[in-house]
Structures are given as C-alpha cells and as structure tokens.
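K.L.:
This one is target-v4.cif, mmCIF, C-alpha atoms.
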data_coords
#
loop_
_atom_site.label_atom_id
_atom_site.label_comp_id
_atom_site.auth_asym_id
_atom_site.auth_seq_id
_atom_site.Cartn_x
_atom_site.Cartn_y
_atom_site.Cartn_z
CA MET A 29 0.00 0.00 0.00
CA PHE A 30 1.16 3.50 -0.84
CA LYS A 31 0.57 5.92 2.04
CA ASN A 32 1.10 9.15 0.08
CA VAL A 33 -0.19 9.98 -3.40
CA PHE A 34 0.76 12.90 -5.63
CA PHE A 35 -1.85 13.63 -8.28
CA ASP A 36 -1.53 15.58 -11.46
CA LEU A 37 -4.63 17.77 -11.90
CA ASP A 38 -5.56 18.41 -15.55
CA GLY A 39 -6.55 15.17 -17.24
CA THR A 40 -6.03 13.09 -14.09
CA LEU A 41 -8.33 14.34 -11.34
CA MET A 42 -10.50 16.69 -13.38
CA ASP A 43 -11.57 17.49 -16.91
CA THR A 44 -10.48 21.13 -17.07
CA LEU A 45 -9.98 21.45 -20.79
CA TRP A 46 -13.23 23.16 -21.75
CA ASP A 47 -12.55 26.09 -19.41
CA ILE A 48 -8.91 26.31 -20.54
CA THR A 49 -10.00 26.37 -24.18
CA ASP A 50 -12.60 29.08 -23.60
CA ALA A 51 -10.16 31.23 -21.62
CA LEU A 52 -7.48 30.80 -24.30
CA ASN A 53 -9.73 31.70 -27.24
CA ASP A 54 -11.20 34.71 -25.48
CA ALA A 55 -7.74 35.97 -24.46
CA LEU A 56 -6.53 35.77 -28.05
CA ASN A 57 -9.66 37.34 -29.51
CA THR A 58 -9.62 40.15 -26.92
CA ASN A 59 -6.12 41.01 -28.11
CA GLY A 60 -7.10 41.10 -31.77
CA ILE A 61 -5.94 37.59 -32.68
CA LYS A 62 -8.88 35.73 -34.21
CA SER A 63 -8.93 32.30 -32.62
CA SER A 64 -11.14 29.22 -32.49
CA PHE A 65 -9.02 26.50 -30.90
CA THR A 66 -11.02 23.35 -30.19
CA TYR A 67 -10.95 21.00 -27.19
CA GLU A 68 -8.74 18.63 -29.19
CA ASP A 69 -6.42 21.46 -30.25
CA THR A 70 -5.89 22.56 -26.67
CA LYS A 71 -5.31 18.97 -25.54
CA LYS A 72 -2.19 18.89 -27.72
CA MET A 73 -0.76 22.00 -26.05
CA ILE A 74 -1.25 21.47 -22.33
CA GLY A 75 0.81 19.62 -19.75
CA ARG A 76 3.89 21.81 -19.37
CA GLY A 77 2.46 24.96 -17.84
CA THR A 78 0.63 28.14 -18.80
CA ASP A 79 3.55 29.76 -20.59
CA HIS A 80 4.09 26.67 -22.75
CA LEU A 81 0.39 26.58 -23.65
CA LEU A 82 0.37 30.24 -24.67
CA ASN A 83 3.64 30.00 -26.57
CA MET A 84 2.34 27.07 -28.60
CA ALA A 85 -0.96 28.82 -29.33
CA LEU A 86 0.74 32.05 -30.36
CA GLU A 87 3.29 30.23 -32.48
CA ALA A 88 0.43 28.53 -34.33
CA MET A 89 -1.12 31.96 -34.94
CA GLY A 90 2.19 33.57 -35.95
CA ARG A 91 1.92 36.08 -33.09
CA LYS A 92 4.55 35.21 -30.48
CA ASP A 93 5.12 38.96 -30.16
CA ALA A 94 1.79 39.23 -28.29
CA PHE A 95 2.78 36.90 -25.45
CA ASP A 96 2.77 39.40 -22.56
CA CYS A 97 -0.63 40.93 -23.27
CA VAL A 98 -2.26 37.59 -24.07
CA ARG A 99 -0.82 36.03 -20.91
CA ALA A 100 -2.23 38.80 -18.72
CA THR A 101 -5.67 38.43 -20.31
CA TYR A 102 -5.60 34.64 -20.17
CA LEU A 103 -4.80 34.55 -16.45
CA LYS A 104 -7.62 36.96 -15.70
CA ASN A 105 -10.02 34.99 -17.90
CA TYR A 106 -9.09 31.63 -16.49
CA LYS A 107 -9.56 32.77 -12.92
CA ASP A 108 -13.12 33.72 -13.89
CA TYR A 109 -13.80 30.75 -16.17
CA GLN A 110 -12.24 27.78 -14.39
CA THR A 111 -15.30 26.88 -12.31
CA ARG A 112 -17.72 26.94 -15.24
CA LYS A 113 -17.34 23.52 -16.85
CA THR A 114 -14.54 21.80 -14.92
CA LYS A 115 -15.57 18.61 -13.13
CA PRO A 116 -14.00 15.43 -11.74
CA PHE A 117 -13.72 12.50 -14.12
CA LYS A 118 -16.43 9.87 -13.68
CA GLY A 119 -15.69 7.70 -10.66
CA MET A 120 -12.94 9.94 -9.31
CA GLU A 121 -14.82 11.25 -6.29
CA GLU A 122 -15.62 7.70 -5.17
CA ALA A 123 -12.01 6.61 -5.69
CA ILE A 124 -10.68 9.54 -3.67
CA LYS A 125 -13.15 8.77 -0.89
CA ALA A 126 -11.92 5.16 -0.79
CA LEU A 127 -8.33 6.34 -0.45
CA LYS A 128 -9.23 8.79 2.33
CA GLU A 129 -11.02 6.04 4.23
CA LYS A 130 -7.79 4.03 4.16
CA GLY A 131 -5.86 6.95 5.62
CA VAL A 132 -3.90 7.72 2.46
CA ARG A 133 -2.47 11.24 2.32
CA LEU A 134 -3.45 13.01 -0.92
CA TYR A 135 -1.58 15.82 -2.68
CA VAL A 136 -2.00 17.75 -5.93
CA CYS A 137 0.99 18.83 -8.03
CA THR A 138 0.06 20.88 -11.08
CA ASN A 139 1.57 23.32 -13.56
CA LYS A 140 -1.34 25.70 -13.10
CA PRO A 141 -0.49 28.98 -11.35
CA ASN A 142 -0.54 28.29 -7.61
CA GLU A 143 -3.42 30.63 -6.76
CA LEU A 144 -5.65 29.20 -9.48
CA ALA A 145 -4.79 25.61 -8.59
CA LYS A 146 -5.89 26.08 -4.99
CA ILE A 147 -9.15 27.74 -6.07
CA ILE A 148 -10.27 25.00 -8.45
CA VAL A 149 -9.29 22.08 -6.24
CA GLU A 150 -11.14 23.51 -3.25
CA TYR A 151 -14.14 24.40 -5.43
CA VAL A 152 -14.52 20.97 -7.04
CA MET A 153 -13.27 18.73 -4.19
CA PRO A 154 -13.47 20.78 -0.99
CA GLY A 155 -11.63 19.65 2.11
CA ILE A 156 -10.15 16.53 0.52
CA PHE A 157 -6.46 17.09 -0.13
CA ASP A 158 -3.63 17.36 2.36
CA GLY A 159 -1.80 19.80 0.10
CA VAL A 160 -2.11 21.54 -3.26
CA ARG A 161 0.80 23.13 -5.11
CA GLY A 162 0.76 24.96 -8.39
CA VAL A 163 3.58 27.04 -9.82
CA GLY A 164 4.58 30.05 -7.75
CA ALA A 165 6.74 33.01 -8.72
CA ASN A 166 10.15 31.89 -10.00
CA GLU A 167 9.35 28.23 -9.33
CA PRO A 168 10.04 25.49 -11.90
CA VAL A 169 7.26 23.60 -13.66
CA LYS A 170 6.92 19.84 -13.87
CA PRO A 171 8.67 17.64 -14.83
CA ASN A 172 10.98 19.32 -12.34
CA PRO A 173 10.25 17.44 -9.08
CA TYR A 174 10.23 20.63 -6.98
CA GLN A 175 6.58 20.35 -5.87
CA VAL A 176 6.89 16.70 -4.87
CA ASP A 177 10.17 17.27 -3.08
CA GLU A 178 8.74 20.20 -1.13
CA PHE A 179 5.79 18.13 0.11
CA ILE A 180 8.05 15.23 1.07
CA LYS A 181 10.40 17.53 2.95
CA ASN A 182 7.83 19.73 4.65
CA ASP A 183 5.42 16.95 5.64
CA GLY A 184 8.11 14.45 6.62
CA LEU A 185 6.98 11.80 4.12
CA ASN A 186 8.83 8.59 3.37
CA ARG A 187 9.65 8.63 -0.35
CA LYS A 188 9.40 4.83 -0.46
CA GLU A 189 5.73 5.11 0.55
CA CYS A 190 4.86 7.60 -2.21
CA ILE A 191 3.48 7.24 -5.74
CA PHE A 192 2.77 9.74 -8.52
CA VAL A 193 -0.48 9.54 -10.51
CA GLY A 194 -0.81 11.21 -13.90
CA ASP A 195 -2.00 10.94 -17.48
CA SER A 196 0.89 12.18 -19.62
CA LYS A 197 4.53 11.91 -20.53
CA PRO A 198 5.42 14.98 -18.40
CA ASP A 199 3.95 13.07 -15.44
CA LEU A 200 6.17 10.09 -16.21
CA GLU A 201 9.14 12.44 -16.33
CA THR A 202 8.09 14.05 -13.04
CA ALA A 203 7.84 10.66 -11.36
CA ARG A 204 11.26 9.68 -12.65
CA ASN A 205 12.84 12.94 -11.52
CA ALA A 206 11.24 12.56 -8.09
CA ARG A 207 12.37 8.92 -7.85
CA LEU A 208 8.79 7.67 -7.53
CA PRO A 209 6.78 4.97 -9.30
CA LEU A 210 4.07 6.17 -11.68
CA CYS A 211 0.47 5.05 -11.93
CA LEU A 212 -0.48 6.10 -15.46
CA VAL A 213 -4.19 6.78 -15.94
CA LYS A 214 -5.69 6.17 -19.37
CA TRP A 215 -8.74 8.45 -19.24
CA GLY A 216 -6.89 11.76 -19.54
CA TYR A 217 -5.24 13.97 -22.14
CA GLY A 218 -2.01 12.05 -22.69
CA PHE A 219 -1.13 10.72 -26.11
CA TYR A 220 -0.41 7.19 -25.03
CA ASP A 221 2.53 6.13 -27.19
CA GLU A 222 3.90 2.70 -26.36
CA ASP A 223 7.47 3.99 -26.21
CA TRP A 224 6.78 5.71 -22.88
CA VAL A 225 3.55 4.10 -21.63
CA ASN A 226 5.43 0.84 -21.12
CA GLU A 227 7.77 2.62 -18.69
CA ALA A 228 4.99 3.16 -16.15
CA GLU A 229 5.05 0.78 -13.19
CA TYR A 230 1.24 0.74 -13.03
CA VAL A 231 -1.54 1.51 -15.51
CA ALA A 232 -5.16 2.21 -14.56
CA THR A 233 -8.09 2.45 -16.95
CA THR A 234 -10.62 3.64 -14.34
CA PRO A 235 -10.40 5.64 -11.10
CA LYS A 236 -11.56 2.54 -9.19
CA GLU A 237 -8.67 0.54 -10.61
CA MET A 238 -6.30 3.38 -9.69
CA ALA A 239 -7.49 3.30 -6.08
CA GLU A 240 -7.09 -0.48 -5.95
CA ILE A 241 -3.49 -0.20 -7.15
CA ILE A 242 -2.70 2.34 -4.45
CA ILE A 243 -4.24 0.51 -1.50
CA LYS A 244 -3.52 -3.12 -2.39
#
Go ahead and render the structure in this file as structure tokens.
P.N.:
Amino acid sequence: MFKNVFFDLDGTLMDTLWDITDALNDALNTNGIKSSFTYEDTKKMIGRGTDHLLNMALEAMGRKDAFDCVRATYLKNYKDYQTRKTKPFKGMEEAIKALKEKGVRLYVCTNKPNELAKIIVEYVMPGIFDGVRGVGANEPVKPNPYQVDEFIKNDGLNRKECIFVGDSKPDLETARNARLPLCLVKWGYGFYDEDWVNEAEYVATTPKEMAEIIIK
C-alpha cells in the first residue's frame, strides 16, 4: 500500500480542458488575434504549464510577439472561467473517498499557477487534499520534481511510501525525476505512445482501478 499519493490535476483528477480552451480563445480574440481553438487542439498543447500553452498557441497563430498581453488576459479569464465547466472525471470522487477512508495522504501537483490551482481544487473537491501546489513566482514547472520534493520535505513523508499519478509523458518524467513509481491513468489527455507508456510501473483504466493499485 502507498501511504502518500501525488496527483496531477488536468486530465487526471479533473476534466479542465473546456474552461482552458474558452479562456485561451477569449484571451486571443480580446487582443485582436482571431482564434477558435477546439478542445482537441488545446489537448495537444497542455501539460507543461501556462507559458508553454500560450507560446504554442501564439506560435500557431504567428503572433509570439503578443505573449505578454495575451498572458495577462488569459490569467484573468481563467480565474473567472475555471469553475464553469470543470468537473471530476467519472468515478474519481468515489475513488478519492476510498483512499481517504484508508488513511492515504493526498496531494496535488500541477503546472497551473498556484493561486488558481488552490481555487479550483477547493471548489470541485473541498476539504479533501492534504496539500495543493501549483507554480509560484520563479518556481520550476513539472517535470521538475520541486513540488513533490517540497511536500516530502515539509510533511516528513517517506519517499518509499509515495506514488505519482498522472496521465501524460510529463507526469512520467516528473515521477522519474522525483524517484517515484508512476500510476499512469488512461482516461486523460495524454497521447499514449507505447514507447513511454510501457515505462509506467502501473496503468489504470478507471479511477476505481487506480485506487485499488494504491491501496492493495
């Protein structure tokens, strides 16, 4: 049994992509860049932080010069939009409850800005997690293991009792950098190429299966 679990957020715990897509398109359009990115378009750009998302979107539009103004608008938009359509994946709330009942400590490590990460986690799953970390000022994004290492250090966790749960290659890289096993979940946004999927120690196709892996 793993006593401490570090969860990725987008594509693992919650389906956040509709709100991200709406905030992105509106930020671009507000700044005079006609945009209609779809859910599937945005899926290809997320996973490595807000700046990476915006850089990829602006590169696709040929407007990387507009980064600063678009970023400011996007962050304002997303703070307003992120509670509109975001919801836990089917079965996730029950799986999290099962883990809590077993006394497992639960953490969130995400590349969202720290303030926004705490807002959405508390809004969708209030009072559940032992800690939530997004990216603060001058902090590195995943796959740097900074967030995981800070939780382990500050909460006195045993690294051998920890596991990382995520849906994408950046999550695999984060787990490796943090010296943790990975439970790869197959319901998220990752493009599940065999060349890296096979590196995961565990693979779950449903939240229930994920919980069973953690507490067995």
K.L.:
Kindly provide the residues of range 114-174 of chain A that approach range 69-89 of chain A to within 12 Å, each paired with its closest atom pair and their distance in Å to one decimal, based on only C-alpha atoms, listed by chain and increasing number, as JSON lines.
P.N.:
{"residue": "A:Cys137", "atom": "CA", "partner": "A:Gly77", "partner_atom": "CA", "distance": 11.7}
{"residue": "A:Thr138", "atom": "CA", "partner": "A:Gly77", "partner_atom": "CA", "distance": 8.3}
{"residue": "A:Asn139", "atom": "CA", "partner": "A:Gly77", "partner_atom": "CA", "distance": 4.7}
{"residue": "A:Lys140", "atom": "CA", "partner": "A:Gly77", "partner_atom": "CA", "distance": 6.1}
{"residue": "A:Pro141", "atom": "CA", "partner": "A:Thr78", "partner_atom": "CA", "distance": 7.6}
{"residue": "A:Asn142", "atom": "CA", "partner": "A:Gly77", "partner_atom": "CA", "distance": 11.2}
{"residue": "A:Leu144", "atom": "CA", "partner": "A:Thr78", "partner_atom": "CA", "distance": 11.3}
{"residue": "A:Ala145", "atom": "CA", "partner": "A:Gly77", "partner_atom": "CA", "distance": 11.8}
{"residue": "A:Gly162", "atom": "CA", "partner": "A:Gly77", "partner_atom": "CA", "distance": 9.6}
{"residue": "A:Val163", "atom": "CA", "partner": "A:Gly77", "partner_atom": "CA", "distance": 8.4}
{"residue": "A:Gly164", "atom": "CA", "partner": "A:Gly77", "partner_atom": "CA", "distance": 11.5}
{"residue": "A:Glu167", "atom": "CA", "partner": "A:Gly77", "partner_atom": "CA", "distance": 11.4}
{"residue": "A:Pro168", "atom": "CA", "partner": "A:Gly77", "partner_atom": "CA", "distance": 9.6}
{"residue": "A:Val169", "atom": "CA", "partner": "A:Gly77", "partner_atom": "CA", "distance": 6.5}
{"residue": "A:Lys170", "atom": "CA", "partner": "A:Arg76", "partner_atom": "CA", "distance": 6.6}
{"residue": "A:Pro171", "atom": "CA", "partner": "A:Arg76", "partner_atom": "CA", "distance": 7.8}
{"residue": "A:Asn172", "atom": "CA", "partner": "A:Arg76", "partner_atom": "CA", "distance": 10.3}
K.L.:
Take the PyMOL selection byres ((chain A and resi 212) around 9), apply it to the structure above, and return the hits as a PyMOL selection string.
P.N.:
chain A and resi 192-196+199-200+210-211+213-214+225+228-233+238
K.L.:
Using the selection just defined, write its residues with C-alpha atoms as a PDB file, in the frame of the given file.
P.N.:
ATOM      1  CA  PHE A 192       2.770   9.740  -8.520  1.00  0.00           C
ATOM      2  CA  VAL A 193      -0.480   9.540 -10.510  1.00  0.00           C
ATOM      3  CA  GLY A 194      -0.810  11.210 -13.900  1.00  0.00           C
ATOM      4  CA  ASP A 195      -2.000  10.940 -17.480  1.00  0.00           C
ATOM      5  CA  SER A 196       0.890  12.180 -19.620  1.00  0.00           C
ATOM      6  CA  ASP A 199       3.950  13.070 -15.440  1.00  0.00           C
ATOM      7  CA  LEU A 200       6.170  10.090 -16.210  1.00  0.00           C
ATOM      8  CA  LEU A 210       4.070   6.170 -11.680  1.00  0.00           C
ATOM      9  CA  CYS A 211       0.470   5.050 -11.930  1.00  0.00           C
ATOM     10  CA  VAL A 213      -4.190   6.780 -15.940  1.00  0.00           C
ATOM     11  CA  LYS A 214      -5.690   6.170 -19.370  1.00  0.00           C
ATOM     12  CA  VAL A 225       3.550   4.100 -21.630  1.00  0.00           C
ATOM     13  CA  ALA A 228       4.990   3.160 -16.150  1.00  0.00           C
ATOM     14  CA  GLU A 229       5.050   0.780 -13.190  1.00  0.00           C
ATOM     15  CA  TYR A 230       1.240   0.740 -13.030  1.00  0.00           C
ATOM     16  CA  VAL A 231      -1.540   1.510 -15.510  1.00  0.00           C
ATOM     17  CA  ALA A 232      -5.160   2.210 -14.560  1.00  0.00           C
ATOM     18  CA  THR A 233      -8.090   2.450 -16.950  1.00  0.00           C
ATOM     19  CA  MET A 238      -6.300   3.380  -9.690  1.00  0.00           C
TER      20      MET A 238
END
K.L.:
What does the distance between CA of Phe157 in chain A and CA of Ile124 in chain A come to in Å, to one decimal place?
P.N.:
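Between CA of Phe157 in chain A and CA of Ile124 in chain A the gap is 9.3 Å.
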K.L.:
Rank A:Ala55, A:Met153, A:Pro198, A:Glu189 by their smallest atom-to-atom distance to Phe219 in chain A, using all atoms listed in the file, and report the top residue only.
P.N.:
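Selected residue with least distance to Phe219 in chain A: A:Pro198.
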K.L.:
Rounded to one decimal, what separation in Å do you get between CA of Phe35 in chain A and CA of Tyr135 in chain A?
P.N.:
6.0 Å
K.L.:
Could you tell me how far CA of Thr114 in chain A sits from CA of Lys236 in chain A, in Å to one decimal place?
P.N.:
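Interatomic distance here is 20.3 Å.
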K.L.:
Apply the PyMOL selection byres ((chain A and resi 109) around 10) to the file shown and report the selected residues as JSON, numbers by chain.
P.N.:
{"A": [46, 47, 48, 49, 50, 51, 102, 103, 104, 105, 106, 107, 108, 110, 111, 112, 113, 114]}
K.L.:
Of the candidates A:Val176, A:Ile242, A:Val149, A:Met29, which shows the shortest atom-to-atom distance to Pro116 in chain A, using all atoms listed in the file?
P.N.:
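Of A:Val176, A:Ile242, A:Val149, A:Met29, the one nearest Pro116 in chain A is A:Val149, counting all atoms listed in the file.
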K.L.:
Could you list, as an MDAnalysis selection string, every residue matched by the PyMOL selection byres ((chain A and resi 39) around 6) in this structure?
P.N.:
chainID A and resid 38 40 42:43 216:217
K.L.:
Kindly save the residues from that selection, with C-alpha atoms included, as a PDB file, keeping the file's coordinate frame.
P.N.:
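Once everything was written out, this is part08.pdb:
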ATOM      1  CA  ASP A  38      -5.560  18.410 -15.550  1.00  0.00           C
ATOM      2  CA  THR A  40      -6.030  13.090 -14.090  1.00  0.00           C
ATOM      3  CA  MET A  42     -10.500  16.690 -13.380  1.00  0.00           C
ATOM      4  CA  ASP A  43     -11.570  17.490 -16.910  1.00  0.00           C
ATOM      5  CA  GLY A 216      -6.890  11.760 -19.540  1.00  0.00           C
ATOM      6  CA  TYR A 217      -5.240  13.970 -22.140  1.00  0.00           C
TER       7      TYR A 217
END
K.L.:
Have a look at A:Arg99, A:Lys118, A:Lys130, A:Lys197 and name the one nearest to Asp36 in chain A; count only C-alpha atoms.
P.N.:
A:Lys197
K.L.:
Give me the box for range 38-51 of chain A as lines of an AutoDock Vina configuration file, namely the centre and edge lengths in Å to one decimal of a box along x, y and z that holds every listed atom plus 3 Å on each side.
P.N.:
center_x = -9.4
center_y = 22.2
center_z = -17.8
size_x = 13.7
size_y = 24.1
size_z = 18.8
K.L.:
For Arg207 in chain A, which residue out of A:Ala94, A:Ile180, A:Ile147, A:Leu56 is the nearest one, using only C-alpha atoms?
P.N.:
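Closest to Arg207 in chain A of all the choices is A:Ile180.
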K.L.:
Ranking A:Leu52, A:Ile156, A:Ile191, A:Ala165 by minimum distance to Ala123 in chain A and counting all atoms listed in the file, which one comes first?
P.N.:
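Of all the options, A:Ile156 lies closest to Ala123 in chain A.
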K.L.:
Would you list the residues near (-4.7, 11.2, 4.2), meaning any protein, DNA or RNA residue with an atom at most 9 Å from that point in file coordinates, counting all atoms listed in the file, as an MDAnalysis selection string?
P.N.:
chainID A and resid 31:33 127:135 156:158
K.L.:
Could range 103-135 of chain A be completed with N, CA and C atoms and written as a compact mmCIF listing (two decimals), in the coordinates of the input, please?
P.N.:
# COMPACT_ATOMS: atom_id res chain seq x y z
N LEU A 103 -4.76 34.82 -17.89
CA LEU A 103 -4.80 34.55 -16.45
C LEU A 103 -6.04 35.15 -15.79
N LYS A 104 -6.41 36.35 -16.23
CA LYS A 104 -7.62 36.96 -15.70
C LYS A 104 -8.85 36.14 -16.12
N ASN A 105 -8.91 35.78 -17.40
CA ASN A 105 -10.02 34.99 -17.90
C ASN A 105 -10.15 33.67 -17.16
N TYR A 106 -9.02 32.97 -17.05
CA TYR A 106 -9.09 31.63 -16.49
C TYR A 106 -9.52 31.64 -15.03
N LYS A 107 -9.10 32.66 -14.30
CA LYS A 107 -9.56 32.77 -12.92
C LYS A 107 -11.08 32.87 -12.86
N ASP A 108 -11.67 33.56 -13.83
CA ASP A 108 -13.12 33.72 -13.89
C ASP A 108 -13.81 32.49 -14.47
N TYR A 109 -13.15 31.82 -15.42
CA TYR A 109 -13.80 30.75 -16.17
C TYR A 109 -13.66 29.37 -15.54
N GLN A 110 -12.63 29.15 -14.70
CA GLN A 110 -12.24 27.78 -14.39
C GLN A 110 -13.25 26.97 -13.58
N THR A 111 -14.26 27.62 -13.04
CA THR A 111 -15.30 26.88 -12.31
C THR A 111 -16.57 26.69 -13.15
N ARG A 112 -16.51 27.02 -14.42
CA ARG A 112 -17.72 26.94 -15.24
C ARG A 112 -18.05 25.52 -15.68
N LYS A 113 -17.09 24.84 -16.26
CA LYS A 113 -17.34 23.52 -16.85
C LYS A 113 -16.47 22.42 -16.26
N THR A 114 -15.47 22.78 -15.47
CA THR A 114 -14.54 21.80 -14.92
C THR A 114 -15.27 20.88 -13.93
N LYS A 115 -14.96 19.59 -14.03
CA LYS A 115 -15.57 18.61 -13.13
C LYS A 115 -14.64 17.41 -12.99
N PRO A 116 -14.81 16.64 -11.90
CA PRO A 116 -14.00 15.43 -11.74
C PRO A 116 -14.36 14.41 -12.82
N PHE A 117 -13.40 13.59 -13.21
CA PHE A 117 -13.72 12.50 -14.12
C PHE A 117 -14.64 11.51 -13.42
N LYS A 118 -15.45 10.82 -14.21
CA LYS A 118 -16.43 9.87 -13.68
C LYS A 118 -15.74 8.84 -12.79
N GLY A 119 -16.23 8.67 -11.59
CA GLY A 119 -15.69 7.70 -10.66
C GLY A 119 -14.57 8.23 -9.78
N MET A 120 -14.08 9.43 -10.06
CA MET A 120 -12.94 9.94 -9.31
C MET A 120 -13.30 10.28 -7.87
N GLU A 121 -14.44 10.89 -7.65
CA GLU A 121 -14.82 11.25 -6.29
C GLU A 121 -14.94 10.02 -5.40
N GLU A 122 -15.49 8.93 -5.93
CA GLU A 122 -15.62 7.70 -5.17
C GLU A 122 -14.25 7.08 -4.89
N ALA A 123 -13.36 7.15 -5.88
CA ALA A 123 -12.01 6.61 -5.69
C ALA A 123 -11.24 7.39 -4.63
N ILE A 124 -11.36 8.70 -4.66
CA ILE A 124 -10.68 9.54 -3.67
C ILE A 124 -11.23 9.26 -2.28
N LYS A 125 -12.54 9.08 -2.18
CA LYS A 125 -13.15 8.77 -0.89
C LYS A 125 -12.60 7.45 -0.34
N ALA A 126 -12.45 6.45 -1.22
CA ALA A 126 -11.92 5.16 -0.79
C ALA A 126 -10.50 5.29 -0.27
N LEU A 127 -9.71 6.13 -0.90
CA LEU A 127 -8.33 6.34 -0.45
C LEU A 127 -8.31 7.06 0.90
N LYS A 128 -9.16 8.06 1.06
CA LYS A 128 -9.23 8.79 2.33
C LYS A 128 -9.63 7.86 3.47
N GLU A 129 -10.56 6.97 3.19
CA GLU A 129 -11.02 6.04 4.23
C GLU A 129 -9.91 5.10 4.68
N LYS A 130 -8.93 4.87 3.82
CA LYS A 130 -7.79 4.03 4.16
C LYS A 130 -6.66 4.82 4.81
N GLY A 131 -6.87 6.12 4.98
CA GLY A 131 -5.86 6.95 5.62
C GLY A 131 -4.73 7.39 4.71
N VAL A 132 -4.93 7.29 3.41
CA VAL A 132 -3.90 7.72 2.46
C VAL A 132 -3.85 9.24 2.43
N ARG A 133 -2.64 9.79 2.43
CA ARG A 133 -2.47 11.24 2.32
C ARG A 133 -2.46 11.61 0.84
N LEU A 134 -3.21 12.66 0.48
CA LEU A 134 -3.45 13.01 -0.92
C LEU A 134 -2.94 14.42 -1.21
N TYR A 135 -2.16 14.55 -2.29
CA TYR A 135 -1.58 15.82 -2.68
C TYR A 135 -1.83 16.08 -4.16
